[in-house]
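This is coords_10.csv (CSV, C-alpha atoms).
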chain,number,residue,atom,x,y,z
A,1,MET,CA,206.9,106.7,119.7
A,2,THR,CA,204.0,106.4,121.8
A,3,ALA,CA,201.4,103.9,120.4
A,4,ILE,CA,197.9,105.4,120.0
A,5,GLN,CA,195.2,102.9,120.8
A,6,THR,CA,191.7,103.4,119.3
A,7,SER,CA,188.7,102.1,121.1
A,8,ALA,CA,186.2,100.0,119.2
A,9,ALA,CA,182.9,101.7,118.2
A,10,PRO,CA,180.1,101.1,120.6
A,11,PRO,CA,177.5,98.6,119.4
A,12,VAL,CA,174.1,99.9,118.1
A,13,PHE,CA,171.0,98.2,119.5
A,14,PHE,CA,167.6,98.3,117.7
A,15,ARG,CA,164.5,97.9,119.9
A,16,PRO,CA,162.4,95.1,118.5
A,17,PRO,CA,158.8,96.1,117.5
A,18,SER,CA,156.4,95.7,120.4
A,19,SER,CA,153.3,95.2,118.2
A,20,LYS,CA,152.2,95.2,114.6
A,21,THR,CA,151.6,98.9,114.8
A,22,ASP,CA,155.1,99.7,116.0
A,23,PHE,CA,157.1,100.9,113.0
A,24,ALA,CA,160.2,102.2,114.9
A,25,ALA,CA,162.5,99.8,113.0
A,26,SER,CA,160.7,100.0,109.7
A,27,PRO,CA,162.7,101.6,106.8
A,28,ILE,CA,161.5,105.0,105.5
A,29,SER,CA,160.1,105.0,102.0
A,30,ASN,CA,160.7,107.9,99.6
A,31,VAL,CA,157.4,107.0,97.6
A,32,ALA,CA,154.5,109.4,98.3
A,33,PRO,CA,151.5,107.7,99.8
A,34,VAL,CA,148.5,107.1,97.5
A,35,ILE,CA,145.3,108.6,98.8
A,36,VAL,CA,142.2,106.9,97.5
A,37,ALA,CA,139.2,109.3,97.3
A,38,GLN,CA,136.1,108.0,99.0
A,39,PRO,CA,132.8,108.3,97.2
A,40,ILE,CA,130.6,111.0,98.5
A,41,LYS,CA,127.6,109.7,100.3
A,42,TYR,CA,124.4,111.6,99.9
A,43,PRO,CA,121.2,111.1,102.0
A,44,GLU,CA,118.7,108.9,100.1
A,45,PRO,CA,115.1,108.1,101.1
A,46,SER,CA,114.2,104.6,102.0
A,47,THR,CA,111.9,102.4,100.0
A,48,ALA,CA,109.2,102.8,102.6
A,49,LEU,CA,109.3,106.6,102.1
A,50,LYS,CA,109.3,106.3,98.3
A,51,LYS,CA,106.3,103.9,98.3
A,52,GLN,CA,104.4,105.5,101.2
A,53,VAL,CA,100.6,105.4,101.1
A,54,VAL,CA,99.1,108.1,99.0
A,55,PHE,CA,96.3,110.0,100.8
A,56,HIS,CA,94.1,110.1,97.6
A,57,ASP,CA,94.5,106.4,97.0
A,58,LEU,CA,93.6,105.5,100.5
A,59,PHE,CA,90.5,107.7,100.4
A,60,TYR,CA,89.5,106.2,97.0
A,61,ARG,CA,89.9,102.6,98.2
A,62,GLU,CA,87.7,103.2,101.2
A,63,LYS,CA,85.1,104.9,99.1
A,64,ILE,CA,85.0,102.0,96.6
A,65,ALA,CA,84.8,99.4,99.4
A,66,ARG,CA,81.9,101.3,101.0
A,67,SER,CA,80.1,101.9,97.7
A,68,THR,CA,80.5,98.2,96.8
A,69,ALA,CA,78.9,97.1,100.1
A,70,LEU,CA,76.0,99.6,99.6
A,71,LEU,CA,75.4,98.4,96.0
A,72,ARG,CA,75.3,94.7,97.1
A,73,ALA,CA,72.8,95.6,99.8
A,74,VAL,CA,70.5,97.4,97.3
A,75,ARG,CA,70.6,94.5,94.8
A,76,LYS,CA,70.0,92.0,97.6
A,77,ALA,CA,66.9,93.9,98.9
A,78,ARG,CA,65.4,94.2,95.4
A,79,ALA,CA,62.1,92.5,94.6
A,80,GLY,CA,62.8,91.9,91.0
A,81,THR,CA,64.4,94.0,88.3
A,82,SER,CA,61.5,95.8,86.7
A,83,ALA,CA,61.8,99.4,85.6
A,84,ALA,CA,59.7,100.6,88.6
A,85,VAL,CA,62.2,99.0,91.0
A,86,VAL,CA,65.3,100.2,89.2
A,87,PHE,CA,63.9,103.8,89.0
A,88,ALA,CA,62.9,103.8,92.6
A,89,ASP,CA,66.4,102.6,93.7
A,90,ALA,CA,68.0,105.4,91.7
A,91,LYS,CA,65.8,108.1,93.2
A,92,LYS,CA,66.5,106.8,96.7
A,93,ALA,CA,70.2,106.8,95.9
A,94,TYR,CA,70.0,110.5,95.0
A,95,ARG,CA,68.1,111.3,98.2
A,96,ASP,CA,70.7,109.4,100.3
A,97,PHE,CA,73.5,111.2,98.5
A,98,VAL,CA,72.0,114.6,99.3
A,99,ARG,CA,71.6,113.6,103.0
A,100,ALA,CA,75.2,112.4,103.1
A,101,GLN,CA,76.4,115.7,101.7
A,102,GLU,CA,74.3,117.6,104.2
A,103,ARG,CA,75.7,115.6,107.2
A,104,LEU,CA,79.2,116.2,105.9
A,105,LYS,CA,78.6,120.0,105.4
A,106,GLN,CA,77.2,120.3,109.0
A,107,LYS,CA,80.2,118.5,110.4
A,108,GLU,CA,82.7,120.6,108.6
A,109,ALA,CA,80.9,123.8,109.8
A,110,LEU,CA,81.7,122.7,113.4
A,111,LEU,CA,85.5,122.2,112.8
A,112,PRO,CA,88.3,124.7,112.4
A,113,ASP,CA,90.0,124.9,109.0
A,114,ASN,CA,93.1,123.0,110.1
A,115,GLN,CA,90.9,120.0,111.1
A,116,LYS,CA,89.0,119.6,107.8
A,117,LEU,CA,91.9,119.6,105.3
A,118,PRO,CA,90.9,117.7,102.2
A,119,TYR,CA,94.4,116.3,101.7
A,120,PRO,CA,98.0,116.9,102.8
A,121,SER,CA,99.9,119.5,100.8
A,122,ILE,CA,103.7,119.8,100.7
A,123,GLN,CA,105.3,123.0,99.2
A,124,LEU,CA,108.1,122.1,96.8
A,125,ASP,CA,109.8,125.5,96.4
A,126,GLN,CA,109.4,129.2,97.0
A,127,SER,CA,107.3,129.7,93.9
A,128,GLY,CA,104.4,128.1,95.7
A,129,ARG,CA,104.2,124.7,93.8
A,130,GLU,CA,102.6,122.1,96.0
A,131,THR,CA,101.9,118.4,95.8
A,132,SER,CA,100.4,115.5,97.9
A,133,PHE,CA,102.1,112.7,95.9
A,134,PRO,CA,105.5,111.2,96.9
A,135,ARG,CA,106.3,110.4,93.2
A,136,GLU,CA,106.0,114.1,92.3
A,137,ILE,CA,108.3,115.1,95.1
A,138,ILE,CA,110.9,112.6,93.9
A,139,ARG,CA,110.6,113.6,90.3
A,140,PHE,CA,110.8,117.3,91.1
A,141,TYR,CA,114.0,117.1,93.1
A,142,ASP,CA,115.6,114.5,90.8
A,143,ASP,CA,115.2,116.9,87.9
A,144,TRP,CA,116.6,119.7,90.0
A,145,ILE,CA,119.6,117.6,91.0
A,146,LYS,CA,120.3,116.6,87.4
A,147,ASP,CA,120.3,120.3,86.4
A,148,ALA,CA,122.6,121.2,89.3
A,149,GLN,CA,125.0,118.4,88.4
A,150,ALA,CA,125.0,119.4,84.7
A,151,SER,CA,125.8,123.0,85.6
A,152,GLY,CA,128.7,122.0,87.7
A,153,GLN,CA,127.4,123.0,91.1
A,154,GLY,CA,129.4,121.8,94.1
A,155,HIS,CA,128.8,118.9,96.4
A,156,ALA,CA,127.3,121.2,99.1
A,157,ASN,CA,124.4,122.2,96.8
A,158,ILE,CA,123.8,118.6,95.7
A,159,HIS,CA,123.8,117.5,99.3
A,160,TYR,CA,121.2,120.2,100.2
A,161,LEU,CA,118.9,119.1,97.4
A,162,LYS,CA,119.2,115.5,98.4
A,163,SER,CA,118.4,116.4,102.0
A,164,GLN,CA,115.4,118.5,100.9
A,165,LYS,CA,114.0,115.6,99.0
A,166,LEU,CA,114.3,113.3,102.0
A,167,PHE,CA,112.8,116.0,104.3
A,168,LYS,CA,109.8,116.6,102.0
A,169,LEU,CA,109.0,112.9,101.8
A,170,LYS,CA,109.2,112.5,105.6
A,171,ARG,CA,107.0,115.6,106.0
A,172,LEU,CA,104.4,114.2,103.6
A,173,GLN,CA,104.3,110.9,105.5
A,174,GLN,CA,103.8,112.8,108.8
A,175,GLU,CA,101.1,115.1,107.4
A,176,THR,CA,99.2,112.1,105.9
A,177,LYS,CA,99.3,110.3,109.2
A,178,ALA,CA,98.2,113.3,111.2
A,179,ILE,CA,95.3,114.2,109.0
A,180,LEU,CA,94.0,110.6,109.0
A,181,GLU,CA,94.2,110.3,112.8
A,182,ASP,CA,92.6,113.7,113.4
A,183,GLN,CA,89.7,113.2,111.0
A,184,ARG,CA,89.0,109.7,112.1
A,185,ALA,CA,88.9,110.9,115.7
A,186,SER,CA,86.5,113.7,114.9
A,187,GLY,CA,84.3,111.5,112.7
A,188,LEU,CA,84.9,113.6,109.7
A,189,TRP,CA,86.6,110.8,107.8
A,190,ALA,CA,83.7,108.4,108.0
A,191,LEU,CA,81.3,111.1,106.7
A,192,ARG,CA,83.7,112.0,103.8
A,193,VAL,CA,84.0,108.3,102.9
A,194,ASP,CA,80.2,107.8,103.1
A,195,ALA,CA,79.5,110.9,100.9
A,196,GLY,CA,81.9,109.7,98.3
A,197,ALA,CA,80.5,106.2,98.4
A,198,ARG,CA,77.0,107.5,98.0
A,199,ARG,CA,78.1,109.4,94.9
A,200,PHE,CA,79.6,106.2,93.4
A,201,LEU,CA,76.5,104.3,94.3
A,202,LEU,CA,74.3,106.9,92.5
A,203,SER,CA,76.5,106.6,89.4
A,204,SER,CA,76.0,102.9,89.3
A,205,LEU,CA,72.2,103.0,89.8
A,206,LEU,CA,71.8,105.9,87.3
A,207,PHE,CA,73.5,103.7,84.7
A,208,GLU,CA,71.1,100.9,85.4
A,209,ALA,CA,68.1,103.2,85.3
A,210,CYS,CA,69.1,104.7,82.0
A,211,SER,CA,69.5,101.3,80.4
A,212,VAL,CA,66.6,99.4,82.0
A,213,ARG,CA,64.1,97.7,79.7
A,214,LEU,CA,60.8,99.5,79.2
A,215,ALA,CA,58.2,96.6,79.1
A,216,SER,CA,55.0,98.6,79.3
A,217,LEU,CA,53.4,102.0,78.9
A,218,GLN,CA,53.5,102.3,82.7
A,219,ASP,CA,57.3,101.9,82.5
A,220,CYS,CA,57.3,104.7,79.8
A,221,LYS,CA,55.5,107.0,82.2
A,222,LEU,CA,58.1,106.2,84.9
A,223,ALA,CA,60.9,106.8,82.5
A,224,ALA,CA,59.5,110.2,81.6
A,225,ASP,CA,59.3,111.1,85.3
A,226,PHE,CA,62.8,109.9,85.8
A,227,ILE,CA,64.1,112.1,82.9
A,228,ARG,CA,62.5,115.1,84.6
A,229,LEU,CA,64.2,114.1,87.8
A,230,LEU,CA,67.6,114.1,86.0
A,231,THR,CA,66.9,117.6,84.8
A,232,ARG,CA,66.3,118.8,88.3
A,233,LEU,CA,69.4,116.9,89.5
A,234,ASP,CA,71.5,118.7,86.9
A,235,ARG,CA,70.2,122.1,88.2
A,236,ALA,CA,70.6,121.4,91.9
A,237,LYS,CA,72.9,123.3,94.2
A,238,PRO,CA,76.6,122.8,93.4
A,239,GLU,CA,77.2,120.5,96.4
A,240,TYR,CA,74.2,118.3,95.3
A,241,GLN,CA,74.9,118.3,91.6
A,242,TYR,CA,75.8,115.2,89.7
A,243,ASP,CA,77.5,115.3,86.2
A,244,LEU,CA,75.1,113.4,84.1
A,245,ASN,CA,76.3,111.2,81.3
A,246,PRO,CA,74.6,112.6,78.2
A,247,TYR,CA,74.9,109.3,76.3
A,248,GLN,CA,72.9,107.5,79.1
A,249,VAL,CA,70.2,110.1,79.1
A,250,SER,CA,70.1,110.0,75.3
A,251,SER,CA,69.8,106.3,75.4
A,252,LEU,CA,66.9,106.3,77.8
A,253,SER,CA,65.1,109.0,75.7
A,254,LYS,CA,65.5,107.1,72.5
A,255,ARG,CA,64.2,103.9,74.0
A,256,LEU,CA,61.3,105.7,75.5
A,257,ALA,CA,60.4,107.2,72.1
A,258,ALA,CA,60.8,103.8,70.4
A,259,ARG,CA,58.6,102.1,73.0
A,260,LEU,CA,55.9,104.7,72.8
A,261,ALA,CA,55.9,104.4,69.0
A,262,LYS,CA,54.9,100.7,69.4
A,263,GLY,CA,51.9,101.6,71.5
A,264,ARG,CA,50.4,98.9,73.7
Same coordinates, now as structure tokens:
Amino acid sequence: MTAIQTSAAPPVFFRPPSSKTDFAASPISNVAPVIVAQPIKYPEPSTALKKQVVFHDLFYREKIARSTALLRAVRKARAGTSAAVVFADAKKAYRDFVRAQERLKQKEALLPDNQKLPYPSIQLDQSGRETSFPREIIRFYDDWIKDAQASGQGHANIHYLKSQKLFKLKRLQQETKAILEDQRASGLWALRVDAGARRFLLSSLLFEACSVRLASLQDCKLAADFIRLLTRLDRAKPEYQYDLNPYQVSSLSKRLAARLAKGR
């Protein structure tokens, strides 16, 4: 019988891994990989955008600073605090207020509409709602986003609303900067600030005049003339009108009547 010789099985060689990322010799696992969902990142405005300068606040601060400087100059130039001096200062303050309003009106007449905007205005939605305050933009879109989330709207809609909030805040910042630069360059800003400051100054001096001490009958005559001036001021053209405080006028009238009752 012929003997059958079997050859040995050829050896199997495994290539060693060439790097940490070479998994040729790694065993295959039957466990399904676990996919960790990444949180959705929505665009959010920066702190600088949220707390950007408000046009109205900037205008108010400059008016107050200018008015304070004017009031200090008036008081420094006074020769005493008699009724005659206080009434004269109040009358001059009204004349200066009227002149400031006239200069502002003349300047505005020379400028096109897009160069004399009173403040920046951002449209919030298609209904026409507008605002010039960043906090109102944030509140408007945050409320809209909450409603969208509560109604189960998809991530695309939420992302759109978040993007719109960021866009509107950036647009308000750009509009504010553009208006300030344009009106400062044209000189309109200085006239607006001065007219507003003159109105604040008039308010302060009217308060002093309506509460000044009437020491003599001559002071009473000046007080009566001043009350007539207040009547004309209340009936002036709309751009030159000043909303009088009825309590101040009443106080001056009562003190005038009381002083006249005393006689000399």
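For the pair CA of Ala83 (chain A) and CA of Pro238 (chain A), the interatomic distance is 28.8 Å.
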Using all atoms listed in the file, which residues sit within 7 Å of region 139-149 of chain A once same-chain residues fewer than 5 positions away are excluded, as a PyMOL selection string? chain A and resi 158+161+165
Distance CA of Ser121 (chain A)-CA of Leu188 (chain A), one decimal place? 18.4 Å
For CA of His159 (chain A) and CA of Thr176 (chain A), determine how far apart the two atoms are, in Å to one decimal place.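 About the pair CA of His159 (chain A) and CA of Thr176 (chain A): they are 26.0 Å apart.
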Option closest in space to Leu201 (chain A), from A:Gln173, A:Ala93, A:Pro43, A:Lys50 [counting all atoms listed in the file]: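 Ranking A:Gln173, A:Ala93, A:Pro43, A:Lys50 by distance to Leu201 (chain A), first place goes to A:Ala93.
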If we count all atoms listed in the file and set the cut-off at 10 Å, which residues sit around Leu58 (chain A), ignoring sequence neighbours fewer than 5 positions away in its own chain? Please answer as an MDAnalysis selection string. chainID A and resid 53 63 180
